[in-house]
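**Student:** Have a look at this one before I ask anything.
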Amino acid sequence: MKNNQTNSIIKLVAKTSTNDLRQFIIHRCQLDTDFYKDFTAQFGELNTDYELAKTKEEIGSILNNTESNNFISDKECQVICDKLWPIIDKYRHRLKQGYHQHALNGFLLIYQAGGSMLTTAFDDSNSLDHLFSMVDNALIEFSDTVLNESEDKKIDYTHQIIKTFNGQKFDDRYEYCFNALANMLPIITDKSFDVIQKTTKYSSVHNSDPNSYYVSKSCILNTKILLQLNHLQQAKAYMEKHIQINGIRKMRIDLAIEEKDFELAAQYCLDADDSKRNDSWKNYLIKINKMTNQR
(Lines give C-alpha, C1' and ligand atoms only; values in the text may rest on other atoms or scores of the structure.)
Protein backbone atom coordinates (compact mmCIF):
# COMPACT_ATOMS: atom_id res chain seq x y z
CA MET A 1 0.00 0.00 0.00
CA LYS A 2 1.29 3.44 -0.94
CA ASN A 3 2.05 6.07 1.71
CA ASN A 4 -0.71 8.37 0.53
CA GLN A 5 -3.25 5.55 0.86
CA THR A 6 -1.99 4.73 4.36
CA ASN A 7 -2.25 8.40 5.40
CA SER A 8 -5.76 8.57 3.99
CA ILE A 9 -6.83 5.54 6.06
CA ILE A 10 -5.29 7.03 9.21
CA LYS A 11 -7.28 10.23 8.70
CA LEU A 12 -10.52 8.33 8.08
CA VAL A 13 -10.08 6.17 11.19
CA ALA A 14 -9.28 9.26 13.29
CA LYS A 15 -12.54 10.98 12.39
CA THR A 16 -14.75 7.85 12.56
CA SER A 17 -16.61 7.17 15.79
CA THR A 18 -15.70 4.11 17.87
CA ASN A 19 -19.21 2.68 17.51
CA ASP A 20 -19.15 3.03 13.72
CA LEU A 21 -15.80 1.26 13.57
CA ARG A 22 -17.14 -1.58 15.71
CA GLN A 23 -20.19 -1.98 13.50
CA PHE A 24 -17.98 -1.99 10.39
CA ILE A 25 -15.71 -4.69 11.84
CA ILE A 26 -18.66 -6.87 12.85
CA HIS A 27 -20.24 -6.53 9.41
CA ARG A 28 -16.95 -7.23 7.64
CA CYS A 29 -16.32 -10.32 9.78
CA GLN A 30 -19.75 -11.66 8.82
CA LEU A 31 -19.02 -11.21 5.11
CA ASP A 32 -15.31 -12.05 4.86
CA THR A 33 -14.00 -15.27 6.44
CA ASP A 34 -10.34 -14.31 5.95
CA PHE A 35 -10.90 -10.94 7.63
CA TYR A 36 -12.69 -12.72 10.49
CA LYS A 37 -9.72 -15.09 10.96
CA ASP A 38 -7.23 -12.23 10.95
CA PHE A 39 -9.30 -10.16 13.36
CA THR A 40 -9.78 -12.98 15.86
CA ALA A 41 -6.12 -13.99 15.54
CA GLN A 42 -4.95 -10.45 16.24
CA PHE A 43 -7.36 -9.47 19.00
CA GLY A 44 -8.73 -12.77 20.27
CA GLU A 45 -7.53 -16.35 20.12
CA LEU A 46 -7.00 -18.13 16.84
CA ASN A 47 -8.16 -21.75 16.70
CA THR A 48 -4.87 -23.04 15.33
CA ASP A 49 -5.92 -26.70 15.26
CA TYR A 50 -8.96 -25.85 13.16
CA GLU A 51 -7.01 -23.64 10.77
CA LEU A 52 -4.24 -26.21 10.32
CA ALA A 53 -6.81 -28.95 9.64
CA LYS A 54 -8.49 -26.74 7.01
CA THR A 55 -5.08 -26.04 5.45
CA LYS A 56 -4.39 -29.78 5.19
CA GLU A 57 -7.76 -30.24 3.46
CA GLU A 58 -7.01 -27.35 1.11
CA ILE A 59 -3.58 -28.72 0.18
CA GLY A 60 -5.03 -32.20 -0.31
CA SER A 61 -7.66 -30.81 -2.65
CA ILE A 62 -5.05 -28.85 -4.62
CA LEU A 63 -2.76 -31.87 -5.04
CA ASN A 64 -5.54 -34.28 -5.96
CA ASN A 65 -6.99 -32.02 -8.63
CA THR A 66 -4.73 -33.26 -11.43
CA GLU A 67 -5.44 -34.99 -14.71
CA SER A 68 -3.36 -38.07 -13.90
CA ASN A 69 -2.15 -39.85 -10.78
CA ASN A 70 1.04 -40.99 -12.56
CA PHE A 71 2.61 -37.63 -13.35
CA ILE A 72 1.97 -33.91 -13.10
CA SER A 73 2.54 -31.93 -16.27
CA ASP A 74 4.56 -28.73 -16.24
CA LYS A 75 1.40 -26.66 -16.68
CA GLU A 76 -0.36 -28.48 -13.83
CA CYS A 77 2.72 -28.02 -11.65
CA GLN A 78 2.55 -24.27 -12.23
CA VAL A 79 -1.16 -24.21 -11.35
CA ILE A 80 -0.59 -26.22 -8.14
CA CYS A 81 2.30 -24.00 -7.03
CA ASP A 82 0.28 -20.86 -7.79
CA LYS A 83 -2.38 -22.14 -5.37
CA LEU A 84 0.16 -23.11 -2.67
CA TRP A 85 2.04 -19.78 -2.60
CA PRO A 86 -0.80 -17.86 -0.85
CA ILE A 87 -0.75 -20.47 1.93
CA ILE A 88 2.88 -19.58 2.63
CA ASP A 89 1.91 -15.90 2.86
CA LYS A 90 -0.93 -16.74 5.27
CA TYR A 91 1.41 -18.51 7.67
CA ARG A 92 4.02 -15.76 7.34
CA HIS A 93 1.25 -13.46 8.52
CA ARG A 94 0.51 -15.78 11.43
CA LEU A 95 4.22 -15.66 12.31
CA LYS A 96 4.07 -11.86 12.49
CA GLN A 97 1.00 -12.15 14.73
CA GLY A 98 3.01 -14.22 17.21
CA TYR A 99 1.78 -17.74 16.37
CA HIS A 100 5.29 -19.14 15.98
CA GLN A 101 4.63 -22.88 16.30
CA HIS A 102 1.50 -22.60 14.18
CA ALA A 103 3.43 -20.77 11.46
CA LEU A 104 6.13 -23.45 11.41
CA ASN A 105 3.45 -26.16 11.14
CA GLY A 106 2.05 -24.36 8.10
CA PHE A 107 5.48 -24.07 6.47
CA LEU A 108 6.15 -27.77 7.05
CA LEU A 109 2.88 -28.64 5.30
CA ILE A 110 4.14 -26.78 2.24
CA TYR A 111 7.46 -28.61 2.36
CA GLN A 112 5.55 -31.90 2.49
CA ALA A 113 3.32 -30.85 -0.40
CA GLY A 114 6.38 -29.97 -2.47
CA GLY A 115 8.05 -33.25 -1.49
CA SER A 116 5.05 -35.25 -2.68
CA MET A 117 5.54 -33.78 -6.19
CA LEU A 118 9.30 -34.36 -6.51
CA THR A 119 8.99 -37.72 -8.26
CA THR A 120 5.82 -37.04 -10.28
CA ALA A 121 6.03 -33.43 -11.48
CA PHE A 122 7.59 -32.11 -14.66
CA ASP A 123 9.01 -28.75 -13.63
CA ASP A 124 10.43 -27.18 -16.78
CA SER A 125 9.20 -23.77 -15.62
CA ASN A 126 10.91 -24.22 -12.20
CA SER A 127 7.64 -23.55 -10.38
CA LEU A 128 8.37 -26.25 -7.79
CA ASP A 129 11.90 -24.92 -7.23
CA HIS A 130 10.42 -21.48 -6.71
CA LEU A 131 7.92 -22.90 -4.22
CA PHE A 132 10.74 -24.43 -2.16
CA SER A 133 12.65 -21.17 -2.39
CA MET A 134 9.66 -19.24 -1.05
CA VAL A 135 9.16 -21.52 1.93
CA ASP A 136 12.94 -21.50 2.56
CA ASN A 137 12.75 -17.69 2.80
CA ALA A 138 9.78 -18.03 5.16
CA LEU A 139 11.91 -20.30 7.34
CA ILE A 140 14.60 -17.61 7.49
CA GLU A 141 11.95 -15.18 8.75
CA PHE A 142 10.86 -17.78 11.28
CA SER A 143 14.41 -18.29 12.58
CA ASP A 144 14.95 -14.55 12.99
CA THR A 145 11.63 -14.23 14.82
CA VAL A 146 12.27 -16.97 17.43
CA LEU A 147 15.88 -16.02 18.23
CA ASN A 148 15.07 -15.15 21.84
CA GLU A 149 13.09 -18.30 22.64
CA SER A 150 14.43 -20.99 24.98
CA GLU A 151 17.08 -23.48 23.90
CA ASP A 152 14.65 -26.36 24.43
CA LYS A 153 12.18 -24.72 22.08
CA LYS A 154 14.86 -24.15 19.44
CA ILE A 155 15.90 -27.80 19.67
CA ASP A 156 12.26 -28.84 19.27
CA TYR A 157 11.93 -26.67 16.15
CA THR A 158 15.04 -28.35 14.72
CA HIS A 159 13.58 -31.79 15.52
CA GLN A 160 10.43 -30.90 13.60
CA ILE A 161 12.41 -29.84 10.53
CA ILE A 162 14.47 -33.03 10.58
CA LYS A 163 11.37 -35.23 11.02
CA THR A 164 9.78 -33.63 7.96
CA PHE A 165 12.76 -34.28 5.71
CA ASN A 166 13.46 -37.76 7.05
CA GLY A 167 10.11 -38.81 5.60
CA GLN A 168 9.71 -40.99 2.55
CA LYS A 169 8.79 -38.03 0.34
CA PHE A 170 12.39 -36.82 0.54
CA ASP A 171 14.19 -40.15 0.06
CA ASP A 172 17.59 -39.47 -1.54
CA ARG A 173 16.74 -35.76 -1.70
CA TYR A 174 19.15 -34.61 0.99
CA GLU A 175 19.66 -31.13 -0.45
CA TYR A 176 16.19 -30.00 0.70
CA CYS A 177 16.98 -30.94 4.29
CA PHE A 178 20.41 -29.29 4.11
CA ASN A 179 18.87 -26.11 2.67
CA ALA A 180 16.21 -25.97 5.39
CA LEU A 181 18.76 -26.49 8.17
CA ALA A 182 20.98 -23.80 6.66
CA ASN A 183 18.02 -21.43 6.94
CA MET A 184 17.76 -22.38 10.63
CA LEU A 185 21.39 -21.39 11.35
CA PRO A 186 20.55 -18.49 13.71
CA ILE A 187 18.76 -20.81 16.15
CA ILE A 188 21.01 -23.89 15.95
CA THR A 189 22.73 -24.55 19.29
CA ASP A 190 25.43 -27.03 20.31
CA LYS A 191 22.73 -29.41 21.49
CA SER A 192 20.65 -29.12 18.35
CA PHE A 193 23.80 -29.59 16.22
CA ASP A 194 24.29 -32.89 18.03
CA VAL A 195 20.66 -33.73 17.28
CA ILE A 196 21.19 -32.91 13.59
CA GLN A 197 24.19 -35.20 13.32
CA LYS A 198 22.48 -38.09 15.10
CA THR A 199 19.00 -37.96 13.59
CA THR A 200 19.36 -36.74 10.00
CA LYS A 201 20.57 -38.87 7.12
CA TYR A 202 24.13 -37.58 7.58
CA SER A 203 25.56 -41.06 8.20
CA SER A 204 24.15 -42.55 5.00
CA VAL A 205 25.42 -39.52 3.05
CA HIS A 206 28.96 -39.81 4.41
CA ASN A 207 29.06 -43.53 3.73
CA SER A 208 28.69 -42.74 0.04
CA ASP A 209 31.29 -41.38 -2.39
CA PRO A 210 33.30 -38.71 -0.48
CA ASN A 211 33.38 -36.59 -3.63
CA SER A 212 29.62 -36.71 -4.15
CA TYR A 213 27.39 -33.64 -4.34
CA TYR A 214 25.54 -34.59 -1.14
CA VAL A 215 28.72 -35.06 0.89
CA SER A 216 29.84 -31.61 -0.27
CA LYS A 217 26.51 -30.07 0.78
CA SER A 218 26.68 -31.82 4.15
CA CYS A 219 30.26 -30.70 4.82
CA ILE A 220 29.45 -27.12 3.84
CA LEU A 221 26.47 -27.12 6.22
CA ASN A 222 28.63 -28.51 9.04
CA THR A 223 31.18 -25.75 8.44
CA LYS A 224 28.51 -23.05 8.49
CA ILE A 225 27.12 -24.40 11.76
CA LEU A 226 30.57 -24.52 13.41
CA LEU A 227 31.20 -20.92 12.36
CA GLN A 228 27.73 -19.87 13.54
CA LEU A 229 28.43 -21.45 16.92
CA ASN A 230 31.75 -19.57 17.02
CA HIS A 231 33.80 -22.77 17.27
CA LEU A 232 36.54 -21.14 15.21
CA GLN A 233 39.43 -23.54 15.77
CA GLN A 234 37.22 -26.57 15.24
CA ALA A 235 35.83 -24.97 12.09
CA LYS A 236 39.32 -24.29 10.74
CA ALA A 237 40.38 -27.89 11.37
CA TYR A 238 37.22 -29.18 9.72
CA MET A 239 37.72 -26.93 6.69
CA GLU A 240 41.34 -28.09 6.37
CA LYS A 241 40.15 -31.70 6.37
CA HIS A 242 37.61 -31.00 3.61
CA ILE A 243 39.48 -28.25 1.74
CA GLN A 244 39.11 -30.15 -1.57
CA ILE A 245 35.44 -29.09 -1.61
CA ASN A 246 35.18 -25.81 -3.51
CA GLY A 247 32.54 -24.30 -1.23
CA ILE A 248 34.64 -24.99 1.85
CA ARG A 249 37.82 -23.64 0.22
CA LYS A 250 35.94 -20.41 -0.51
CA MET A 251 34.73 -20.16 3.10
CA ARG A 252 38.30 -20.74 4.33
CA ILE A 253 39.63 -18.02 2.01
CA ASP A 254 36.91 -15.62 3.17
CA LEU A 255 37.82 -16.35 6.80
CA ALA A 256 41.53 -15.76 6.12
CA ILE A 257 40.70 -12.45 4.42
CA GLU A 258 38.46 -11.48 7.36
CA GLU A 259 41.39 -12.19 9.70
CA LYS A 260 43.69 -10.21 7.35
CA ASP A 261 45.86 -13.25 6.78
CA PHE A 262 46.21 -12.39 3.10
CA GLU A 263 49.23 -14.62 2.48
CA LEU A 264 47.31 -17.68 3.68
CA ALA A 265 44.26 -16.67 1.65
CA ALA A 266 46.35 -16.38 -1.50
CA GLN A 267 47.99 -19.74 -0.83
CA TYR A 268 44.59 -21.45 -0.62
CA CYS A 269 43.79 -19.99 -4.05
CA LEU A 270 47.07 -21.21 -5.52
CA ASP A 271 46.71 -24.66 -3.96
CA ALA A 272 43.41 -25.34 -5.72
CA ASP A 273 43.52 -28.21 -8.20
CA ASP A 274 44.40 -27.17 -11.73
CA SER A 275 41.02 -28.43 -12.87
CA LYS A 276 39.35 -26.20 -10.31
CA ARG A 277 41.49 -23.09 -10.78
CA ASN A 278 38.73 -21.21 -12.50
CA ASP A 279 37.77 -17.56 -12.56
CA SER A 280 36.66 -17.60 -8.91
CA TRP A 281 40.21 -18.29 -7.69
CA LYS A 282 41.62 -15.66 -10.03
CA ASN A 283 39.04 -13.17 -8.77
CA TYR A 284 39.98 -13.98 -5.18
CA LEU A 285 43.66 -13.35 -5.99
CA ILE A 286 42.82 -10.02 -7.61
CA LYS A 287 40.77 -9.06 -4.54
CA ILE A 288 43.63 -10.04 -2.21
CA ASN A 289 46.22 -8.17 -4.27
CA LYS A 290 44.08 -5.03 -4.23
CA MET A 291 43.74 -5.25 -0.46
CA THR A 292 47.51 -5.53 -0.09
CA ASN A 293 48.24 -2.85 -2.71
CA GLN A 294 49.93 -5.32 -5.02
CA ARG A 295 49.64 -5.28 -8.78
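Every chain in the C-alpha coordinates has a letter given in the order shown (A, B, ...), and although residue numbers restart at 1 in each chain, ligands are simply numbered from 1 in the order shown.
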What's the 12 Å shell around range 73-87 of chain A, counting only C-alpha atoms, without same-chain residues fewer than 4 positions away, as a ChimeraX atom specification?

**Tutor:** /A:51-52,54-56,58-69,91-94,103,105-114,116-135,138

**Student:** I'd like the contact shell of Ala265 in chain A - 7 Å cut-off, only C-alpha atoms, skipping same-chain residues fewer than 4 positions apart - returned as a PDB file with all heavy atoms, in the first residue's frame.

**Tutor:**
ATOM      1  N   ILE A 253      38.983 -19.224   2.550  1.00  0.00           N
ATOM      2  CA  ILE A 253      39.631 -18.024   2.014  1.00  0.00           C
ATOM      3  C   ILE A 253      38.967 -16.772   2.578  1.00  0.00           C
ATOM      4  O   ILE A 253      39.645 -15.818   2.991  1.00  0.00           O
ATOM      5  CB  ILE A 253      39.571 -18.031   0.462  1.00  0.00           C
ATOM      6  CG1 ILE A 253      40.429 -19.161  -0.098  1.00  0.00           C
ATOM      7  CG2 ILE A 253      40.035 -16.681  -0.100  1.00  0.00           C
ATOM      8  CD1 ILE A 253      40.243 -19.401  -1.582  1.00  0.00           C
ATOM      9  N   ALA A 256      40.159 -16.271   6.088  1.00  0.00           N
ATOM     10  CA  ALA A 256      41.534 -15.761   6.123  1.00  0.00           C
ATOM     11  C   ALA A 256      41.572 -14.274   5.772  1.00  0.00           C
ATOM     12  O   ALA A 256      42.303 -13.494   6.401  1.00  0.00           O
ATOM     13  CB  ALA A 256      42.405 -16.560   5.156  1.00  0.00           C
ATOM     14  N   ILE A 257      40.763 -13.870   4.787  1.00  0.00           N
ATOM     15  CA  ILE A 257      40.696 -12.451   4.420  1.00  0.00           C
ATOM     16  C   ILE A 257      40.134 -11.634   5.569  1.00  0.00           C
ATOM     17  O   ILE A 257      40.625 -10.545   5.897  1.00  0.00           O
ATOM     18  CB  ILE A 257      39.837 -12.273   3.144  1.00  0.00           C
ATOM     19  CG1 ILE A 257      40.561 -12.859   1.926  1.00  0.00           C
ATOM     20  CG2 ILE A 257      39.518 -10.791   2.913  1.00  0.00           C
ATOM     21  CD1 ILE A 257      39.730 -12.861   0.663  1.00  0.00           C
ATOM     22  N   ASP A 261      44.749 -12.355   7.075  1.00  0.00           N
ATOM     23  CA  ASP A 261      45.860 -13.253   6.777  1.00  0.00           C
ATOM     24  C   ASP A 261      45.878 -13.456   5.265  1.00  0.00           C
ATOM     25  O   ASP A 261      45.518 -14.519   4.740  1.00  0.00           O
ATOM     26  CB  ASP A 261      45.683 -14.584   7.510  1.00  0.00           C
ATOM     27  CG  ASP A 261      46.945 -15.440   7.484  1.00  0.00           C
ATOM     28  OD1 ASP A 261      47.824 -15.151   6.654  1.00  0.00           O
ATOM     29  OD2 ASP A 261      47.043 -16.391   8.281  1.00  0.00           O
ATOM     30  N   CYS A 269      44.174 -20.155  -2.645  1.00  0.00           N
ATOM     31  CA  CYS A 269      43.789 -19.993  -4.052  1.00  0.00           C
ATOM     32  C   CYS A 269      44.760 -20.745  -4.959  1.00  0.00           C
ATOM     33  O   CYS A 269      44.349 -21.462  -5.881  1.00  0.00           O
ATOM     34  CB  CYS A 269      43.803 -18.506  -4.435  1.00  0.00           C
ATOM     35  SG  CYS A 269      42.581 -17.490  -3.600  1.00  0.00           S
TER      36      CYS A 269
END

**Student:** Return the single residue from A:Asn19, A:Thr158, A:Ser280, A:Asn183 that is closest to Glu141 in chain A, with distances computed using only C-alpha atoms.

**Tutor:**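 For Glu141 in chain A, the nearest of the candidates is A:Asn183.
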
**Student:** Would you list the contacts of range 20-36 of chain A as a list of chain:residue names, taking every protein, DNA or RNA residue within 12 Å and counting only C-alpha atoms, but skipping same-chain residues closer than 6 positions in sequence?

**Tutor:**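 Within the cut-off, the hits are A:Leu12, A:Val13, A:Ala14, A:Gln42, A:Phe43, A:Gly44, A:Glu45, A:Leu46, A:Asn47, A:Glu51, A:Lys90, A:His93.
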
**Student:** Would you please extract all helix (DSSP H, G or I) residues from range 223-254 of chain A, as assigned by DSSP on the backbone, and give them as JSON, numbers by chain?

**Tutor:** {"A": [223, 224, 225, 226, 227, 228, 232, 233, 234, 235, 236, 237, 238, 239, 240, 241, 246, 247, 248, 249, 250, 251, 252, 253, 254]}

**Student:** So how far away is CA of Lys260 in chain A from CA of His231 in chain A, in Å?

**Tutor:**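 These atoms are spaced 18.8 Å apart.
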
**Student:** Would you mind reading off the distance between CA of Pro186 in chain A and CA of Tyr213 in chain A, one decimal, in Å?

**Tutor:**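 Distance reported for this atom pair: 24.5 Å.
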
**Student:** Determine, counting only C-alpha atoms, which protein, DNA and RNA residues have an atom within 10 Å of an atom of range 142-145 of chain A; residues of the same chain fewer than 4 positions away are not included. Present the result as an MDAnalysis selection string.

**Tutor:** chainID A and resid 92 95:96 98 100:101 103:104 107 136:138 149 154 157 183:188

**Student:** Create the file for the chosen residues now, containing N, CA and C atoms and written as an mmCIF file, in the first residue's frame.

**Tutor:**
data_model
loop_
_atom_site.group_PDB
_atom_site.id
_atom_site.type_symbol
_atom_site.label_atom_id
_atom_site.label_comp_id
_atom_site.auth_asym_id
_atom_site.auth_seq_id
_atom_site.Cartn_x
_atom_site.Cartn_y
_atom_site.Cartn_z
ATOM 1 N N ARG A 92 3.069 -16.844 7.030
ATOM 2 C CA ARG A 92 4.020 -15.760 7.342
ATOM 3 C C ARG A 92 3.303 -14.675 8.139
ATOM 4 N N LEU A 95 2.943 -15.823 11.620
ATOM 5 C CA LEU A 95 4.222 -15.660 12.307
ATOM 6 C C LEU A 95 4.356 -14.243 12.860
ATOM 7 N N LYS A 96 3.995 -13.257 12.055
ATOM 8 C CA LYS A 96 4.070 -11.862 12.493
ATOM 9 C C LYS A 96 3.087 -11.579 13.635
ATOM 10 N N GLY A 98 2.504 -13.588 15.998
ATOM 11 C CA GLY A 98 3.011 -14.223 17.208
ATOM 12 C C GLY A 98 2.716 -15.707 17.336
ATOM 13 N N HIS A 100 4.039 -18.598 16.514
ATOM 14 C CA HIS A 100 5.287 -19.142 15.977
ATOM 15 C C HIS A 100 5.180 -20.623 15.627
ATOM 16 N N GLN A 101 4.737 -21.445 16.564
ATOM 17 C CA GLN A 101 4.625 -22.879 16.300
ATOM 18 C C GLN A 101 3.614 -23.148 15.187
ATOM 19 N N ALA A 103 2.836 -21.176 12.741
ATOM 20 C CA ALA A 103 3.430 -20.770 11.464
ATOM 21 C C ALA A 103 4.373 -21.848 10.949
ATOM 22 N N LEU A 104 5.210 -22.393 11.832
ATOM 23 C CA LEU A 104 6.132 -23.450 11.411
ATOM 24 C C LEU A 104 5.358 -24.669 10.912
ATOM 25 N N PHE A 107 4.357 -23.979 7.403
ATOM 26 C CA PHE A 107 5.481 -24.067 6.472
ATOM 27 C C PHE A 107 5.850 -25.526 6.189
ATOM 28 N N ASP A 136 11.619 -21.656 1.950
ATOM 29 C CA ASP A 136 12.945 -21.498 2.560
ATOM 30 C C ASP A 136 13.102 -20.088 3.123
ATOM 31 N N ASN A 137 12.677 -19.090 2.345
ATOM 32 C CA ASN A 137 12.747 -17.694 2.803
ATOM 33 C C ASN A 137 11.843 -17.470 4.014
ATOM 34 N N ALA A 138 10.685 -18.138 4.002
ATOM 35 C CA ALA A 138 9.785 -18.031 5.156
ATOM 36 C C ALA A 138 10.441 -18.623 6.403
ATOM 37 N N GLU A 149 13.807 -17.242 21.932
ATOM 38 C CA GLU A 149 13.094 -18.297 22.639
ATOM 39 C C GLU A 149 14.086 -19.239 23.332
ATOM 40 N N LYS A 154 14.085 -24.160 20.685
ATOM 41 C CA LYS A 154 14.860 -24.147 19.445
ATOM 42 C C LYS A 154 15.215 -25.572 19.013
ATOM 43 N N TYR A 157 12.153 -27.145 17.530
ATOM 44 C CA TYR A 157 11.930 -26.667 16.152
ATOM 45 C C TYR A 157 12.834 -27.439 15.178
ATOM 46 N N ASN A 183 18.891 -22.577 6.651
ATOM 47 C CA ASN A 183 18.025 -21.425 6.942
ATOM 48 C C ASN A 183 17.733 -21.304 8.432
ATOM 49 N N MET A 184 17.986 -22.379 9.183
ATOM 50 C CA MET A 184 17.764 -22.382 10.633
ATOM 51 C C MET A 184 19.029 -22.001 11.407
ATOM 52 N N LEU A 185 20.100 -21.653 10.708
ATOM 53 C CA LEU A 185 21.395 -21.391 11.355
ATOM 54 C C LEU A 185 21.316 -20.503 12.596
ATOM 55 N N PRO A 186 20.558 -19.390 12.553
ATOM 56 C CA PRO A 186 20.550 -18.490 13.713
ATOM 57 C C PRO A 186 20.087 -19.138 15.013
ATOM 58 N N ILE A 187 19.287 -20.215 14.915
ATOM 59 C CA ILE A 187 18.755 -20.813 16.153
ATOM 60 C C ILE A 187 19.351 -22.194 16.447
ATOM 61 N N ILE A 188 20.355 -22.616 15.666
ATOM 62 C CA ILE A 188 21.008 -23.888 15.947
ATOM 63 C C ILE A 188 21.977 -23.706 17.116
#

**Student:** I'd like to know which of A:Ser150, A:Leu229, A:Leu181, A:Ser17 is closest to Lys163 in chain A, using only C-alpha atoms.

**Tutor:**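 The shortest atom-to-atom distance to Lys163 in chain A comes from A:Leu181.
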